[in-house]
Structure formats: structure tokens, C-alpha cells
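Right, one structure below, let's go through it.
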Amino acid sequence: MYVCLCNAVNEAAIRQAVDDGVTSFRGLSIRTGCGTQCGSCVKLAREVLDQALAETGAPKSSVKLQFVSNS
């Protein structure tokens with residue numbers, strides 16, 4: 001199943017990234033480009049990442065996104 005259509009990232013690519021040592025969403029984005037275009041895949045990509053991390057026994061990627069106003 002494709003998770004990020006903009007960068008053609010599928011679930012298998014996310015799982016492979018975890019197998020190769022990725023442990024955070026930032027790392028996943030750097031490796032695959034996931035979440036770097038329109039952003040509509042971020043929620044699903046994070047869910048797949050967390051599931052893959054759980055299967056390896058690693059903790060969830062718990063980084064929260066926070067938006068700061070410039071005003």
C-alpha cells in the first residue's frame with residue numbers, strides 16, 4: 001500500500017527503513033522523502049513507522065509537531 005503518493009513511498013519502504021535503523025519520523029523523512037511535499041501522508045506514515053518500530057521492540061517515535069505563530 002502506498003503511504004506517500006508524492007514520493008512513491010509504500011509501507012514496505014517504511015518497514016525497510018526501520019530495518020535499516022531509522023527510529024524517528026524525521027529520519028524517515030530524510031531517508032524516503034515521506035511527508036516533505038503536501039503532508040497528507042504524515043499521520044499514516046507515522047502509524048506505519050510506529051507499528052514497524054513496535055515489531056522490532058523499539059519505542060514509538062513520539063516527537064510531537066508544534067506550530068508556532070510569528071505574531
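By order in the C-alpha cells, chains are A, B, ...; within a chain, residues start at 1; ligands start at 1, following the order shown.
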
Next on the checklist: What's around range 40-52 of chain A at 10 Å? Count only C-alpha atoms, leave out sequence neighbours fewer than 4 positions away in its own chain, and write the answer as a PyMOL selection string.
Outcome noted: chain A and resi 2-6+9-12+14-19+22-25+28-29+34-36+56-62

How about saving the chosen residues, C-alpha atoms kept, as a tab-separated table (two decimals), in the first residue's frame?
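Output below, filename again-v5.tsv:
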chain	number	residue	atom	x	y	z
A	2	TYR	CA	1.31	3.46	-0.88
A	3	VAL	CA	1.60	5.78	2.08
A	4	CYS	CA	3.13	8.84	0.39
A	5	LEU	CA	1.94	9.34	-3.17
A	6	CYS	CA	4.08	12.44	-3.76
A	9	VAL	CA	6.76	5.64	-0.59
A	10	ASN	CA	4.97	2.44	0.29
A	11	GLU	CA	4.57	0.55	3.55
A	12	ALA	CA	7.39	-1.83	2.61
A	14	ILE	CA	8.95	2.38	5.64
A	15	ARG	CA	9.48	-1.07	7.15
A	16	GLN	CA	12.79	-1.40	5.29
A	17	ALA	CA	13.89	1.97	6.63
A	18	VAL	CA	13.18	0.76	10.18
A	19	ASP	CA	15.10	-2.45	9.48
A	22	VAL	CA	15.51	4.58	11.18
A	23	THR	CA	13.90	5.31	14.56
A	24	SER	CA	12.17	8.66	14.07
A	25	PHE	CA	9.81	10.35	11.65
A	28	LEU	CA	12.13	8.50	7.81
A	29	SER	CA	11.53	11.80	6.01
A	34	CYS	CA	7.86	10.91	3.17
A	35	GLY	CA	5.93	13.92	4.47
A	36	THR	CA	8.08	16.51	2.71
A	56	THR	CA	11.29	-4.56	16.45
A	57	GLY	CA	10.85	-3.73	20.13
A	58	ALA	CA	11.93	-0.10	19.72
A	59	PRO	CA	9.94	2.71	21.39
A	60	LYS	CA	7.43	4.72	19.35
A	61	SER	CA	8.54	7.84	17.53
A	62	SER	CA	6.88	10.20	19.99

Next on the checklist: Please extract the residues of chain A with a backbone DSSP assignment of strand (DSSP E or B) and present them as a list in words.
Outcome noted: Tyr2, Val3, Cys4, Val9 and Asn10 of chain A

Generate the output file for the selected residues, N, CA, C and O atoms, as a compact mmCIF listing (two decimals), in the first residue's frame.
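Output file out_37.txt is given in full below:
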# COMPACT_ATOMS: atom_id res chain seq x y z
N TYR A 2 0.57 2.20 -0.86
CA TYR A 2 1.31 3.46 -0.88
C TYR A 2 0.88 4.32 0.30
O TYR A 2 -0.31 4.45 0.58
N VAL A 3 1.85 4.90 0.95
CA VAL A 3 1.60 5.78 2.08
C VAL A 3 1.77 7.23 1.63
O VAL A 3 0.96 8.08 1.93
N CYS A 4 2.83 7.50 0.90
CA CYS A 4 3.13 8.84 0.39
C CYS A 4 3.10 8.79 -1.13
O CYS A 4 4.02 8.25 -1.76
N VAL A 9 6.28 6.42 -1.73
CA VAL A 9 6.76 5.64 -0.59
C VAL A 9 5.65 4.69 -0.15
O VAL A 9 4.54 5.14 0.16
N ASN A 10 5.97 3.41 -0.14
CA ASN A 10 4.97 2.44 0.29
C ASN A 10 5.31 1.91 1.68
O ASN A 10 6.35 2.23 2.25

Next on the checklist: With DSSP run on the backbone, what are the helix (DSSP H, G or I) residues within range 4-63 of chain A? I'd like them as an MDAnalysis selection string.
Outcome noted: chainID A and resid 11:19 25:32 42:56
